[in-house]
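Shown next: protein.tsv, containing TSV, C-alpha atoms.
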chain	number	residue	atom	x	y	z
A	23	MET	CA	40.76	-26.73	-2.96
A	24	THR	CA	40.50	-29.88	-0.85
A	25	ARG	CA	39.20	-27.84	2.05
A	26	PHE	CA	36.54	-26.32	-0.19
A	27	TRP	CA	35.18	-29.70	-1.31
A	28	VAL	CA	35.29	-31.01	2.22
A	29	CYS	CA	33.17	-28.02	3.29
A	30	ILE	CA	30.73	-28.65	0.43
A	31	ALA	CA	30.33	-32.29	1.39
A	32	GLY	CA	30.04	-31.45	5.10
A	33	ALA	CA	27.42	-28.79	4.47
A	34	GLY	CA	25.39	-31.12	2.28
A	35	PHE	CA	25.55	-33.90	4.88
A	36	PHE	CA	24.60	-31.47	7.65
A	37	LEU	CA	21.61	-30.14	5.70
A	38	ALA	CA	20.47	-33.68	4.90
A	39	LEU	CA	20.52	-34.52	8.60
A	40	LEU	CA	18.51	-31.39	9.38
A	41	VAL	CA	15.88	-32.26	6.80
A	42	LEU	CA	15.57	-35.86	8.03
A	43	HIS	CA	15.47	-34.74	11.65
A	44	SER	CA	12.80	-32.13	10.96
A	45	ARG	CA	10.75	-34.66	9.00
A	46	PHE	CA	10.78	-37.46	11.56
A	47	CYS	CA	11.76	-35.82	14.86
A	48	ALA	CA	10.37	-32.29	14.64
A	49	SER	CA	8.00	-32.82	17.54
A	50	ARG	CA	10.97	-33.56	19.81
A	51	LEU	CA	12.77	-30.33	19.00
A	52	PRO	CA	12.66	-27.53	21.58
A	53	PRO	CA	10.08	-24.96	20.44
A	54	HIS	CA	12.58	-22.18	19.83
A	55	LEU	CA	14.83	-24.42	17.67
A	56	HIS	CA	11.90	-25.80	15.74
A	57	LEU	CA	10.66	-22.27	14.98
A	58	ALA	CA	14.12	-21.04	14.01
A	59	PHE	CA	14.55	-23.88	11.56
A	60	LYS	CA	11.17	-23.27	9.98
A	61	VAL	CA	11.70	-19.53	9.65
A	62	SER	CA	15.15	-19.84	8.13
A	63	TRP	CA	13.76	-21.95	5.30
A	64	ARG	CA	10.55	-20.00	4.74
A	65	ALA	CA	10.35	-18.06	1.45
A	66	GLU	CA	8.17	-14.96	1.64
A	67	GLU	CA	5.19	-14.99	-0.69
A	68	ILE	CA	5.48	-12.73	-3.72
A	69	LEU	CA	2.11	-11.17	-4.47
A	70	TYR	CA	2.94	-8.15	-6.67
A	71	ARG	CA	5.31	-7.21	-9.44
A	72	LEU	CA	6.33	-3.80	-10.77
A	73	ASP	CA	4.62	-2.69	-13.96
A	74	VAL	CA	7.60	-1.15	-15.76
A	75	ASP	CA	5.36	0.12	-18.56
A	76	TRP	CA	3.40	2.49	-16.29
A	77	PRO	CA	3.22	5.30	-17.10
A	78	LYS	CA	4.10	5.27	-20.78
A	79	TYR	CA	6.06	8.52	-20.39
A	80	SER	CA	7.44	9.47	-16.97
A	81	GLU	CA	8.62	12.95	-18.00
A	82	TYR	CA	5.23	14.33	-16.97
A	83	PHE	CA	6.37	13.98	-13.34
A	84	THR	CA	8.01	17.37	-12.77
A	85	GLY	CA	7.63	17.80	-9.01
A	86	ALA	CA	7.47	15.87	-5.76
A	87	THR	CA	4.62	13.37	-6.16
A	88	PHE	CA	2.80	13.34	-2.81
A	89	CYS	CA	-0.40	11.40	-3.52
A	90	VAL	CA	-2.32	9.34	-6.04
A	91	GLY	CA	-6.02	8.57	-6.47
A	92	VAL	CA	-7.72	6.00	-8.69
A	93	ASP	CA	-11.13	6.30	-10.33
A	94	SER	CA	-11.64	2.59	-10.97
A	95	LEU	CA	-15.08	3.16	-12.44
A	96	ASN	CA	-13.67	5.20	-15.32
A	97	GLY	CA	-10.11	3.83	-15.40
A	98	LEU	CA	-8.43	7.12	-14.41
A	99	VAL	CA	-5.43	7.81	-12.19
A	100	TYR	CA	-4.91	11.23	-10.57
A	101	VAL	CA	-1.45	12.27	-9.37
A	102	ALA	CA	-0.88	15.40	-7.28
A	103	GLN	CA	2.60	16.90	-7.16
A	104	ARG	CA	4.28	19.88	-5.55
A	105	GLY	CA	6.58	22.45	-7.08
A	106	ASP	CA	6.77	25.94	-8.55
A	107	ASN	CA	5.33	26.70	-11.97
A	108	ILE	CA	4.24	23.13	-12.66
A	109	PRO	CA	0.85	21.47	-13.13
A	110	LYS	CA	-0.30	20.28	-9.70
A	111	VAL	CA	-2.62	17.49	-10.89
A	112	LEU	CA	-1.84	14.98	-13.64
A	113	VAL	CA	-4.46	12.66	-15.09
A	114	PHE	CA	-3.50	9.28	-16.60
A	115	THR	CA	-5.40	6.21	-17.71
A	116	GLU	CA	-4.87	3.00	-15.76
A	117	ASP	CA	-3.01	1.78	-18.85
A	118	GLY	CA	-0.48	4.58	-18.38
A	119	TYR	CA	-1.44	7.10	-21.05
A	120	PHE	CA	-1.32	10.79	-20.11
A	121	LEU	CA	-4.60	12.65	-20.64
A	122	ARG	CA	-4.39	16.15	-19.16
A	123	ALA	CA	-3.14	18.32	-16.33
A	124	TRP	CA	-4.63	21.13	-14.25
A	125	ASN	CA	-3.47	23.58	-11.64
A	126	TYR	CA	-6.51	25.59	-10.62
A	127	THR	CA	-6.81	26.63	-6.96
A	128	VAL	CA	-4.36	23.92	-5.80
A	129	ASP	CA	-1.66	25.26	-3.49
A	130	THR	CA	0.21	22.43	-1.73
A	131	PRO	CA	-1.52	19.07	-2.21
A	132	HIS	CA	-1.06	16.36	0.41
A	133	GLY	CA	-3.78	13.74	-0.12
A	134	ILE	CA	-6.14	12.94	-2.98
A	135	PHE	CA	-9.19	10.72	-3.35
A	136	ALA	CA	-11.24	9.91	-6.46
A	137	ALA	CA	-14.87	9.33	-5.52
A	138	SER	CA	-16.76	8.68	-8.72
A	139	THR	CA	-20.23	7.26	-9.18
A	140	PRO	CA	-22.15	6.57	-12.42
A	141	GLN	CA	-23.66	10.04	-12.03
A	142	GLU	CA	-20.54	12.05	-11.11
A	143	LYS	CA	-16.77	12.07	-11.41
A	144	SER	CA	-15.21	13.85	-8.43
A	145	VAL	CA	-11.70	14.36	-7.07
A	146	TRP	CA	-11.02	15.48	-3.50
A	147	ILE	CA	-7.70	17.08	-2.51
A	148	THR	CA	-6.38	18.00	0.94
A	149	ASP	CA	-4.34	21.20	0.71
A	150	VAL	CA	-1.76	22.03	3.40
A	151	GLY	CA	-0.42	25.22	1.81
A	152	SER	CA	-0.11	28.57	3.55
A	153	GLY	CA	-1.62	30.53	0.66
A	154	PHE	CA	-5.19	31.55	-0.03
A	155	TYR	CA	-6.35	27.99	-0.74
A	156	GLY	CA	-4.39	26.32	2.06
A	157	HIS	CA	-5.70	24.34	5.06
A	158	THR	CA	-8.74	23.18	3.10
A	159	ILE	CA	-10.26	20.11	1.51
A	160	LYS	CA	-11.50	20.79	-2.01
A	161	LYS	CA	-13.75	18.89	-4.36
A	162	TYR	CA	-13.16	19.09	-8.13
A	163	ASN	CA	-14.60	17.52	-11.21
A	164	SER	CA	-12.28	15.45	-13.38
A	165	PHE	CA	-11.27	18.50	-15.44
A	166	GLY	CA	-10.19	20.56	-12.41
A	167	ASP	CA	-13.22	22.79	-11.92
A	168	LEU	CA	-13.65	23.65	-8.24
A	169	VAL	CA	-16.97	22.36	-6.87
A	170	GLN	CA	-16.76	22.54	-3.06
A	171	VAL	CA	-14.42	23.85	-0.34
A	172	LEU	CA	-14.36	22.52	3.22
A	173	GLY	CA	-12.56	24.52	5.88
A	174	THR	CA	-11.58	28.16	6.08
A	175	PRO	CA	-9.41	28.97	3.01
A	176	GLY	CA	-5.99	30.24	3.95
A	177	LYS	CA	-6.60	30.05	7.68
A	178	LYS	CA	-5.65	27.14	9.90
A	179	GLY	CA	-7.57	26.41	13.07
A	180	THR	CA	-9.22	23.94	15.41
A	181	GLY	CA	-12.82	25.14	15.10
A	182	LEU	CA	-15.78	22.94	14.30
A	183	ASN	CA	-18.34	25.63	13.50
A	184	PRO	CA	-17.24	26.80	11.05
A	185	LEU	CA	-15.05	23.78	10.35
A	186	GLN	CA	-11.33	24.52	10.27
A	187	PHE	CA	-8.31	22.36	9.46
A	188	ASP	CA	-4.58	22.54	10.01
A	189	ASN	CA	-2.60	20.42	7.55
A	190	PRO	CA	-5.40	17.96	6.68
A	191	ALA	CA	-3.60	14.79	5.62
A	192	GLU	CA	-6.09	12.61	3.75
A	193	LEU	CA	-9.74	11.62	3.35
A	194	HIS	CA	-11.93	8.73	2.28
A	195	VAL	CA	-15.30	9.26	0.62
A	196	GLU	CA	-17.83	6.43	0.62
A	197	ASP	CA	-20.30	5.79	-2.18
A	198	THR	CA	-23.01	7.07	0.18
A	199	GLY	CA	-21.25	10.45	0.31
A	200	ASP	CA	-20.06	10.11	3.91
A	201	ILE	CA	-16.54	11.51	4.40
A	202	TYR	CA	-13.76	10.44	6.78
A	203	ILE	CA	-10.96	12.97	7.33
A	204	VAL	CA	-7.64	12.70	9.15
A	205	ASP	CA	-6.62	16.23	10.09
A	206	GLY	CA	-3.19	16.94	11.45
A	207	ASP	CA	-0.05	16.21	9.45
A	208	GLY	CA	2.08	17.89	12.09
A	209	GLY	CA	-0.32	20.77	12.68
A	210	LEU	CA	-2.54	21.90	15.55
A	211	ASN	CA	-4.97	19.03	15.15
A	212	ASN	CA	-4.71	15.28	15.65
A	213	ARG	CA	-8.20	14.11	14.85
A	214	LEU	CA	-10.46	11.83	12.85
A	215	ILE	CA	-13.73	13.35	11.66
A	216	LYS	CA	-16.74	11.77	9.98
A	217	LEU	CA	-18.98	14.07	7.95
A	218	SER	CA	-22.32	13.32	6.35
A	219	GLN	CA	-22.90	13.93	2.65
A	220	ASP	CA	-24.23	17.38	3.54
A	221	PHE	CA	-21.05	18.06	5.59
A	222	MET	CA	-22.51	17.74	9.08
A	223	ILE	CA	-20.22	16.26	11.75
A	224	LEU	CA	-21.44	12.77	12.68
A	225	TRP	CA	-18.65	11.88	15.11
A	226	LEU	CA	-15.02	12.68	15.77
A	227	HIS	CA	-11.99	11.74	17.84
A	228	GLY	CA	-9.71	14.69	18.33
A	229	GLU	CA	-7.07	14.50	21.01
A	230	ASN	CA	-3.30	14.19	20.86
A	231	GLY	CA	-1.92	11.23	22.78
A	232	THR	CA	-0.94	7.58	22.78
A	233	GLY	CA	-4.07	5.97	24.21
A	234	PRO	CA	-7.05	4.47	22.36
A	235	ALA	CA	-8.69	6.90	19.90
A	236	LYS	CA	-5.88	9.43	20.38
A	237	PHE	CA	-3.44	10.33	17.63
A	238	ASN	CA	0.02	11.58	16.83
A	239	ILE	CA	0.01	12.57	13.14
A	240	PRO	CA	-2.99	10.68	11.74
A	241	HIS	CA	-1.76	10.40	8.17
A	242	SER	CA	-4.06	8.12	6.17
A	243	VAL	CA	-7.59	6.72	6.41
A	244	THR	CA	-9.65	4.06	4.66
A	245	VAL	CA	-12.80	1.98	5.22
A	246	ASP	CA	-12.95	-1.78	4.74
A	247	SER	CA	-15.86	-3.81	3.36
A	248	THR	CA	-17.06	-4.79	6.84
A	249	GLY	CA	-17.63	-1.22	8.06
A	250	ARG	CA	-14.38	-0.56	9.92
A	251	VAL	CA	-12.41	2.68	9.64
A	252	TRP	CA	-8.61	2.24	9.59
A	253	VAL	CA	-6.29	5.11	10.46
A	254	ALA	CA	-2.53	5.19	9.95
A	255	ASP	CA	-1.48	6.74	13.27
A	256	ARG	CA	2.02	7.44	12.02
A	257	GLY	CA	3.60	9.10	15.05
A	258	ASN	CA	2.33	6.38	17.38
A	259	LYS	CA	3.54	3.59	15.04
A	260	ARG	CA	0.20	1.84	14.75
A	261	LEU	CA	-3.04	1.36	12.87
A	262	GLN	CA	-6.19	2.23	14.81
A	263	VAL	CA	-9.59	0.79	13.94
A	264	PHE	CA	-13.08	2.25	14.51
A	265	ASP	CA	-16.68	1.34	13.82
A	266	LYS	CA	-17.78	3.53	10.93
A	267	ASP	CA	-21.34	3.99	12.20
A	268	THR	CA	-20.75	4.74	15.87
A	269	GLY	CA	-17.09	5.79	15.89
A	270	ASP	CA	-16.38	3.26	18.65
A	271	TRP	CA	-12.73	2.23	19.01
A	272	LEU	CA	-12.28	-1.42	18.00
A	273	GLY	CA	-8.57	-1.99	18.47
A	274	GLU	CA	-5.12	-1.34	17.10
A	275	TRP	CA	-2.19	-2.99	15.32
A	276	ASN	CA	1.29	-2.02	16.44
A	277	ASN	CA	3.38	-5.20	16.35
A	278	CYS	CA	4.31	-4.76	12.66
A	279	PHE	CA	5.58	-1.20	13.06
A	280	SER	CA	8.42	-1.32	15.59
A	281	GLU	CA	10.83	0.33	13.11
A	282	GLU	CA	8.51	2.97	11.67
A	283	GLY	CA	4.86	3.88	11.72
A	284	PRO	CA	2.55	3.53	8.70
A	285	SER	CA	2.18	6.51	6.37
A	286	ALA	CA	-0.59	5.01	4.19
A	287	VAL	CA	-3.23	2.28	4.52
A	288	ARG	CA	-5.51	0.63	1.95
A	289	PHE	CA	-7.30	-2.68	1.37
A	290	THR	CA	-7.19	-4.93	-1.67
A	291	PRO	CA	-10.51	-5.30	-3.51
A	292	ASP	CA	-11.03	-8.88	-2.31
A	293	GLY	CA	-10.56	-7.76	1.30
A	294	LYS	CA	-7.79	-10.31	1.91
A	295	TYR	CA	-4.91	-7.92	2.45
A	296	VAL	CA	-4.06	-4.57	4.02
A	297	VAL	CA	-1.45	-2.55	2.09
A	298	VAL	CA	0.72	-0.22	4.16
A	299	ALA	CA	3.51	2.19	3.20
A	300	GLN	CA	6.46	3.07	5.42
A	301	LEU	CA	7.97	6.35	4.28
A	302	ASN	CA	11.51	6.39	5.67
A	303	LEU	CA	12.07	2.66	5.28
A	304	SER	CA	10.99	2.89	1.61
A	305	ARG	CA	8.91	-0.22	2.09
A	306	LEU	CA	5.43	-1.57	1.42
A	307	LEU	CA	3.92	-4.18	3.71
A	308	ILE	CA	1.18	-6.58	2.62
A	309	LEU	CA	-0.67	-7.64	5.78
A	310	ALA	CA	-3.32	-10.31	6.32
A	311	ALA	CA	-6.70	-8.63	6.79
A	312	PRO	CA	-8.53	-9.62	9.98
A	313	PRO	CA	-11.84	-11.52	9.90
A	314	VAL	CA	-15.14	-9.86	10.69
A	315	GLY	CA	-15.48	-8.97	14.37
A	316	ASN	CA	-11.90	-9.74	15.31
A	317	ILE	CA	-9.05	-7.26	14.91
A	318	GLY	CA	-6.43	-9.65	16.29
A	319	HIS	CA	-2.77	-8.92	15.60
A	320	CYS	CA	-0.85	-7.71	12.57
A	321	SER	CA	0.68	-10.40	10.35
A	322	VAL	CA	3.03	-9.64	7.42
A	323	VAL	CA	2.35	-11.78	4.36
A	324	SER	CA	4.67	-10.09	1.89
A	325	THR	CA	7.06	-7.14	1.61
A	326	ILE	CA	7.95	-4.88	-1.29
A	327	GLN	CA	11.31	-3.26	-0.56
A	328	LEU	CA	11.89	-0.17	-2.66
A	329	ALA	CA	15.22	1.52	-3.32
A	330	ASP	CA	16.71	3.74	-0.64
A	331	GLN	CA	15.21	7.23	-0.36
A	332	VAL	CA	12.32	6.44	-2.70
A	333	SER	CA	10.03	7.43	0.20
A	334	PRO	CA	6.53	6.07	-0.52
A	335	HIS	CA	4.20	8.70	0.93
A	336	LEU	CA	0.63	7.72	0.09
A	337	LEU	CA	-0.86	5.02	-2.13
A	338	GLU	CA	-4.08	3.83	-3.70
A	339	VAL	CA	-5.41	0.44	-4.79
A	340	SER	CA	-7.59	0.03	-7.87
A	341	ARG	CA	-10.95	-1.54	-7.03
A	342	GLU	CA	-11.12	-3.01	-10.52
A	343	THR	CA	-7.65	-4.51	-11.08
A	344	GLY	CA	-6.18	-4.63	-7.56
A	345	ALA	CA	-3.12	-2.72	-8.78
A	346	ILE	CA	-1.23	-0.64	-6.19
A	347	TYR	CA	-0.22	2.89	-7.19
A	348	VAL	CA	2.50	4.37	-4.97
A	349	ALA	CA	3.31	8.10	-4.78
A	350	GLU	CA	7.03	8.39	-4.08
A	351	ILE	CA	8.17	11.82	-2.92
A	352	GLY	CA	11.84	10.87	-2.91
A	353	ALA	CA	11.89	9.40	-6.41
A	354	LYS	CA	9.40	12.03	-7.66
A	355	GLN	CA	7.25	9.51	-9.47
A	356	VAL	CA	4.29	7.17	-9.13
A	357	GLN	CA	4.87	3.48	-9.63
A	358	LYS	CA	2.34	0.74	-10.28
A	359	TYR	CA	2.46	-2.76	-8.82
A	360	ILE	CA	0.13	-5.39	-10.21
A	361	PRO	CA	-1.00	-8.67	-8.63
A	362	VAL	CA	1.15	-11.57	-9.81
A	363	ASN	CA	-1.90	-13.75	-10.47
A	364	SER	CA	-3.48	-11.15	-12.70
A	365	TRP	CA	-0.19	-10.81	-14.61
A	366	HIS	CA	-0.08	-14.58	-15.14
A	367	MET	CA	-3.63	-14.58	-16.50
A	368	ALA	CA	-2.92	-11.57	-18.72
A	369	LYS	CA	0.05	-13.41	-20.19
A	370	LEU	CA	-1.84	-16.70	-20.55
A	371	PRO	CA	-2.70	-16.35	-24.28
A	372	ASP	CA	0.91	-15.52	-25.14
A	373	LEU	CA	2.28	-18.38	-23.02
A	374	LEU	CA	-0.20	-20.88	-24.44
A	375	ASP	CA	1.01	-19.96	-27.89
A	376	PHE	CA	4.73	-19.75	-27.12
A	377	TYR	CA	5.00	-22.97	-25.10
A	378	HIS	CA	2.34	-24.79	-27.13
A	379	PHE	CA	0.18	-25.43	-24.08
A	380	THR	CA	-3.06	-27.04	-25.09
A	381	SER	CA	-5.09	-25.95	-22.07
A	382	GLU	CA	-5.15	-23.77	-19.00
A	383	ASN	CA	-4.47	-26.89	-16.92
A	384	ASP	CA	-1.16	-27.35	-18.73
A	385	TYR	CA	-0.31	-23.75	-17.95
A	386	THR	CA	-1.16	-24.26	-14.26
A	387	ALA	CA	1.06	-27.35	-14.13
A	388	PHE	CA	3.82	-25.29	-15.71
A	389	LEU	CA	3.50	-22.60	-13.02
A	390	ILE	CA	3.66	-25.25	-10.28
A	391	SER	CA	6.81	-26.72	-11.81
A	392	LEU	CA	8.31	-23.25	-12.12
A	393	THR	CA	7.60	-22.55	-8.45
A	394	GLN	CA	9.19	-25.84	-7.42
A	395	PHE	CA	12.24	-24.95	-9.50
A	396	GLU	CA	12.48	-21.55	-7.79
A	397	HIS	CA	12.37	-23.27	-4.37
A	398	HIS	CA	15.12	-25.64	-5.53
A	399	ILE	CA	17.31	-22.70	-6.52
A	400	PHE	CA	16.60	-21.06	-3.15
A	401	HIS	CA	17.79	-24.16	-1.31
A	402	GLN	CA	20.94	-24.33	-3.43
A	403	GLN	CA	21.68	-20.70	-2.53
A	404	GLN	CA	21.35	-21.58	1.15
A	405	ILE	CA	23.89	-24.43	0.76
A	406	ILE	CA	26.39	-22.16	-0.99
A	407	LEU	CA	25.94	-19.49	1.68
A	408	MET	CA	26.64	-22.02	4.43
A	409	CYS	CA	29.78	-23.18	2.63
A	410	PHE	CA	31.12	-19.62	2.50
A	411	MET	CA	30.37	-19.23	6.19
A	412	LEU	CA	32.32	-22.41	6.96
A	413	LEU	CA	35.25	-21.27	4.82
A	414	SER	CA	35.41	-17.83	6.43
Whole structure given in structure tokens:
Amino acid sequence: MTRFWVCIAGAGFFLALLVLHSRFCASRLPPHLHLAFKVSWRAEEILYRLDVDWPKYSEYFTGATFCVGVDSLNGLVYVAQRGDNIPKVLVFTEDGYFLRAWNYTVDTPHGIFAASTPQEKSVWITDVGSGFYGHTIKKYNSFGDLVQVLGTPGKKGTGLNPLQFDNPAELHVEDTGDIYIVDGDGGLNNRLIKLSQDFMILWLHGENGTGPAKFNIPHSVTVDSTGRVWVADRGNKRLQVFDKDTGDWLGEWNNCFSEEGPSAVRFTPDGKYVVVAQLNLSRLLILAAPPVGNIGHCSVVSTIQLADQVSPHLLEVSRETGAIYVAEIGAKQVQKYIPVNSWHMAKLPDLLDFYHFTSENDYTAFLISLTQFEHHIFHQQQIILMCFMLLS
């Protein structure tokens, strides 16, 4: 027992010296020691929390959930799943209520995108099946009626006229009607194609390889608010970036993906963050978005570590709420993560009433105090951990 208390006192004294030294003598520390000290005390920012109430009833998930699309304009969430004798597309509200399901002409869904305007609700699905409707990209209305088919149904290929696909992974449809397609989830093709609203090829990059504008399993695609196209080049463990108008290669991010390449990429509505999924690591990365005209390097702001073998495949971010919907093929479900700030504001009326806050300023002061308390607990945990290390 005496040894234990001696270790506690020694650890506390040692930590006090470190704090004082870093406060008054940090500039004299060697760079690598100064960095190590800073990193060891840095708490990662928490930006999202799991919405445990979404959906209201999870028993509607009866297959492997491969993709999710969000119609933010109408508050709808589309989930595509695989399996025999099950509905392939499920439709929920953003509040989590189940609306309907449909299964028409969908073989093996891989990616889904909701591209609604005030005039039209549309849902696009990439189909990688080997049946009659496979190797195509299909447009539906919100009730599952087939509107348009791109590609040669049931036949994979590399052709451009007529256009053929082989395991098309995902697409992004702009409000203008322009379409960006990543074609090649392990198939013949490794290419990025831009189509006009009347389905004419505007530009493409289509070669397998590791160099600029070459791909190894291009798995996800999105467009940011500054006119840059982002592709999750999964096999090459990087994100590649292109100018949406010319198709020119602008750069790449690879320093965040040494363990595993990205399987999905999206932006938050405010343009501040890039959200990336890593399938085998069962992890979501929240990255700092680059400024206009400068790709720079990848920087991780926050991490959402999921349970083992959850396997987040593709994801979508609501333009309206900023919520992240994650299609998990391992867990066979879709989960929703909401911004912490929006959760705080949603709970504000309840907290004002429960804690008898008289204003929003009082609530803000409360949150600051709560954060300081969390940091205090974190530091106490570090002291206890050091004591156990000294005892062992």
Please report as a tab-separated table every residue of region 141-176 of chain A lying within 9 Å of region 184-188 of chain A, along with the nearest atom pair and their distance in Å (one decimal), using all atoms listed in the file.
residue	atom	partner	partner_atom	distance
A:Val150	CA	A:Asp188	CA	7.2
A:Gly156	CA	A:Asp188	CA	8.8
A:His157	CA	A:Asp188	CA	5.4
A:Thr158	CA	A:Phe187	CA	6.4
A:Ile159	CA	A:Phe187	CA	8.5
A:Leu172	CA	A:Leu185	CA	7.3
A:Gly173	CA	A:Gln186	CA	4.6
A:Thr174	CA	A:Gln186	CA	5.6
A:Pro175	CA	A:Gln186	CA	8.7
Among the residues A:Leu224, A:Ile239, A:Leu72, A:Leu182, the one that comes closest to Asn211 (chain A) [using all atoms listed in the file]: A:Ile239
Give me the region 173-277 of chain A side of the contact with region 325-344 of chain A, cut-off 10 Å, one line per residue showing its nearest atom pair and distance in Å at one decimal, counting all atoms listed in the file, sorted by chain and residue number, as a tab-separated table.
residue	atom	partner	partner_atom	distance
A:Ala191	CA	A:Leu336	CA	9.9
A:Glu192	CA	A:Leu336	CA	9.1
A:His241	CA	A:Leu336	CA	8.8
A:Ser242	CA	A:Leu336	CA	7.7
Could you write out that same residue set with C-alpha atoms as a PDB file, keeping the file's coordinate frame?
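Just written: again.pdb:
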ATOM      1  CA  ALA A 191      -3.600  14.790   5.620  1.00  0.00           C
ATOM      2  CA  GLU A 192      -6.090  12.610   3.750  1.00  0.00           C
ATOM      3  CA  HIS A 241      -1.760  10.400   8.170  1.00  0.00           C
ATOM      4  CA  SER A 242      -4.060   8.120   6.170  1.00  0.00           C
TER       5      SER A 242
END
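Between Asn238 (chain A) and the candidates A:Thr130, A:Val251, A:Asp207, A:Asp265, the tightest atom-to-atom separation, counting all atoms listed in the file, involves A:Asp207.
Comparing A:Asn230, A:Ser321, A:Ser280, A:Ser304 by their smallest distance to Gly352 (chain A), the closest is A:Ser304 (using only C-alpha atoms).
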